[in-house]
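The data block below is query-v8.cif; it holds mmCIF, C-alpha atoms.
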```cif
data_final
#
loop_
_atom_site.label_atom_id
_atom_site.label_comp_id
_atom_site.auth_asym_id
_atom_site.auth_seq_id
_atom_site.Cartn_x
_atom_site.Cartn_y
_atom_site.Cartn_z
CA MET A 73 37.79 37.51 27.25
CA ASN A 74 38.89 35.30 24.37
CA VAL A 75 41.09 38.10 22.97
CA LYS A 76 42.92 38.38 26.31
CA LYS A 77 43.70 34.67 26.27
CA GLN A 78 44.99 34.86 22.72
CA LEU A 79 47.13 37.88 23.52
CA LEU A 80 48.53 36.17 26.61
CA SER A 81 49.32 33.01 24.64
CA ILE A 82 51.09 35.06 21.94
CA ILE A 83 53.16 36.92 24.54
CA THR A 84 54.00 33.68 26.35
CA TYR A 85 54.94 31.96 23.08
CA HIS A 86 57.11 34.92 22.11
CA TRP A 87 58.80 34.93 25.52
CA PHE A 88 59.67 31.20 25.25
CA THR A 89 60.81 31.33 21.62
CA GLU A 90 62.72 34.64 21.56
CA PRO A 91 66.48 33.95 21.19
CA MET A 92 68.28 34.67 24.46
CA PHE A 93 71.89 34.20 23.35
CA ASN A 94 74.02 32.55 20.70
CA ILE A 95 76.32 29.56 20.96
CA GLY A 96 78.43 29.34 17.87
CA ASP A 97 76.07 29.91 14.97
CA LYS A 98 72.93 28.77 16.83
CA SER A 99 70.50 30.99 18.71
CA LEU A 100 69.05 29.52 21.88
CA SER A 101 65.70 30.44 23.36
CA LEU A 102 64.28 29.54 26.74
CA LEU A 103 62.27 26.76 25.10
CA ASP A 104 65.45 25.34 23.51
CA ILE A 105 67.22 25.37 26.88
CA LEU A 106 64.29 23.65 28.60
CA ILE A 107 64.19 21.00 25.87
CA LYS A 108 67.95 20.36 26.19
CA ILE A 109 67.64 20.07 29.98
CA GLY A 110 64.79 17.62 29.44
CA TRP A 111 66.98 15.58 27.08
CA LEU A 112 69.81 15.54 29.63
CA LEU A 113 67.44 14.38 32.38
CA LEU A 114 66.04 11.72 30.04
CA VAL A 115 69.58 10.56 29.21
CA ILE A 116 70.45 10.31 32.91
CA GLY A 117 67.27 8.35 33.65
CA LEU A 118 67.70 5.98 30.71
CA THR A 119 71.36 5.40 31.53
CA ARG A 120 70.51 4.53 35.14
CA ALA A 121 67.68 2.26 34.04
CA PHE A 122 69.91 0.51 31.50
CA LYS A 123 72.66 0.07 34.10
CA THR A 124 70.17 -1.46 36.53
CA PHE A 125 68.75 -3.69 33.78
CA LEU A 126 72.24 -4.91 32.95
CA LYS A 127 73.19 -5.59 36.55
CA ARG A 128 69.97 -7.22 37.73
CA ARG A 129 68.59 -8.93 34.64
CA LEU A 130 70.76 -9.42 31.56
CA LEU A 131 74.09 -10.21 33.20
CA VAL A 132 72.38 -12.51 35.72
CA ARG A 133 70.87 -14.51 32.86
CA LEU A 134 74.29 -14.74 31.24
CA GLY A 135 75.63 -16.32 34.45
CA ILE A 136 78.15 -13.59 35.31
CA ASP A 137 79.04 -13.34 39.01
CA GLU A 138 77.99 -10.36 41.12
CA SER A 139 81.27 -8.43 41.19
CA ASN A 140 81.80 -8.71 37.44
CA ARG A 141 78.19 -7.62 36.88
CA GLU A 142 78.95 -4.53 38.94
CA VAL A 143 82.12 -3.76 36.95
CA ILE A 144 80.45 -4.28 33.57
CA SER A 145 77.38 -2.21 34.45
CA ILE A 146 79.48 0.65 35.87
CA MET A 147 81.79 0.80 32.87
CA ILE A 148 78.94 0.62 30.34
CA GLY A 149 76.93 3.17 32.35
CA TYR A 150 79.81 5.66 32.43
CA GLY A 151 80.57 5.14 28.76
CA LEU A 152 76.94 5.41 27.63
CA GLY A 153 76.29 8.42 29.86
CA SER A 154 79.40 10.24 28.63
CA PHE A 155 78.62 9.52 24.99
CA THR A 156 75.01 10.68 25.21
CA PHE A 157 75.99 13.77 27.23
CA LEU A 158 78.45 14.74 24.48
CA LEU A 159 75.77 14.04 21.89
CA VAL A 160 73.38 16.46 23.63
CA LEU A 161 76.15 19.08 23.84
CA GLN A 162 76.73 18.63 20.10
CA THR A 163 73.02 19.20 19.37
CA ILE A 164 73.11 22.41 21.42
CA GLY A 165 75.74 23.67 19.01
CA LEU A 166 78.89 23.52 21.10
CA ASN A 167 82.03 22.92 19.07
CA LEU A 168 83.43 19.81 20.74
CA ALA A 169 86.89 20.32 19.22
CA SER A 170 87.39 23.52 21.19
CA PHE A 171 85.62 21.91 24.14
CA ALA A 172 88.21 19.11 24.10
CA VAL A 173 91.05 21.63 24.46
CA ILE A 174 89.27 23.39 27.33
CA ALA A 175 88.39 20.07 28.99
CA GLY A 176 92.02 18.96 28.72
CA GLY A 177 93.23 22.10 30.46
CA LEU A 178 90.54 21.88 33.10
CA GLY A 179 91.30 18.18 33.53
CA VAL A 180 94.86 18.94 34.55
CA GLY A 181 93.74 21.61 37.02
CA ILE A 182 90.93 19.51 38.43
CA GLY A 183 93.26 16.51 38.57
CA PHE A 184 95.62 18.41 40.84
CA GLY A 185 92.80 19.86 42.90
CA LEU A 186 90.90 16.59 43.27
CA GLN A 187 93.93 14.34 43.35
CA GLU A 188 92.74 12.31 46.33
CA VAL A 189 89.23 11.80 44.96
CA THR A 190 90.58 10.83 41.53
CA LYS A 191 93.08 8.44 43.12
CA ASN A 192 90.32 6.76 45.13
CA PHE A 193 88.07 6.48 42.07
CA VAL A 194 90.81 4.90 39.95
CA SER A 195 91.82 2.59 42.81
CA GLY A 196 88.22 1.46 43.19
CA MET A 197 87.95 0.72 39.48
CA ILE A 198 91.22 -1.26 39.57
CA LEU A 199 89.95 -3.28 42.54
CA LEU A 200 86.71 -4.03 40.70
CA VAL A 201 88.48 -5.04 37.49
CA GLU A 202 91.15 -7.17 39.19
CA GLY A 203 88.55 -8.96 41.28
CA THR A 204 90.63 -9.03 44.48
CA LEU A 205 87.63 -7.65 46.35
CA LYS A 206 84.14 -8.47 45.19
CA SER A 207 80.65 -7.27 45.99
CA GLY A 208 79.32 -9.28 48.92
CA ASP A 209 82.76 -9.91 50.49
CA TYR A 210 82.95 -9.60 54.26
CA ILE A 211 85.81 -7.29 55.30
CA GLU A 212 87.32 -5.74 58.40
CA PHE A 213 89.45 -2.63 58.07
CA ASP A 214 90.72 -0.33 60.79
CA GLY A 215 88.12 -1.50 63.28
CA LEU A 216 85.27 -1.26 60.78
CA ILE A 217 83.40 -4.42 59.77
CA GLY A 218 81.01 -4.82 56.87
CA TYR A 219 80.12 -6.19 53.48
CA ILE A 220 81.20 -4.71 50.18
CA LYS A 221 78.32 -3.32 48.12
#
```
In structure tokens, what does this structure look like?
Amino acid sequence: MNVKKQLLSIITYHWFTEPMFNIGDKSLSLLDILIKIGWLLLVIGLTRAFKTFLKRRLLVRLGIDESNREVISIMIGYGLGSFTFLLVLQTIGLNLASFAVIAGGLGVGIGFGLQEVTKNFVSGMILLVEGTLKSGDYIEFDGLIGYIK
């Protein structure tokens, strides 16, 4: 019975550690992929937690008003999330120089395809930075009434 367990653990270990494919000069196994996915999920969780900490704790103690807290936490969250995502991609072995060229080309195509979404995102960021509308403001637009969150 003990031999069967050892054999099963060896086969399982081999299955998880056997290289599946290569990216650049690195071989990736199933275990490597699962670890990278775990790192990405950890990065997402930590970024969200840090953003919430900024918005609800640190920036409140610094006396920054609600709308500016929102702007600062969003900008830092996007920046930190992007940086750590690129860092994880670098550890996988992706060449970010070639990735930048591909991302630039895709950015143009996606920009045309998602023009309306991109325009709304940029407009929202401009509104947050300018401070013309703030979180907590009461508004009425086109028959809709509510508070800005």
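Between Asn140 of chain A and the candidates A:Ile220, A:Tyr210, A:Asn167, A:Glu202, the tightest atom-to-atom separation, counting all atoms listed in the file, involves A:Glu202.
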Subject >> atom CA of Thr119 of chain A to atom CA of Arg133 of chain A, straight-line distance in Å >> reply: 20.0 Å
Excluding Leu102 of chain A and residues on its chain fewer than 3 positions from it, collect all residues at most 10 Å away from it, counting only C-alpha atoms, and give them as a CSV table (one decimal) with C-alpha atoms, in the frame of the given file.
```csv
chain,number,residue,atom,x,y,z
A,87,TRP,CA,58.8,34.9,25.5
A,88,PHE,CA,59.7,31.2,25.2
A,89,THR,CA,60.8,31.3,21.6
A,90,GLU,CA,62.7,34.6,21.6
A,91,PRO,CA,66.5,34.0,21.2
A,92,MET,CA,68.3,34.7,24.5
A,93,PHE,CA,71.9,34.2,23.4
A,105,ILE,CA,67.2,25.4,26.9
A,106,LEU,CA,64.3,23.6,28.6
A,107,ILE,CA,64.2,21.0,25.9
A,108,LYS,CA,68.0,20.4,26.2
```
Subject >> Hits of the PyMOL selection byres ((chain A and resi 111) around 12) in this structure, as number ranges by chain >> reply: A: 104-110, 112-119, 156-161, 163-164
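Closest approach to Thr124 of chain A among A:Ile144, A:Ile198, A:Leu103, A:Val173: A:Ile144, based on all atoms listed in the file.
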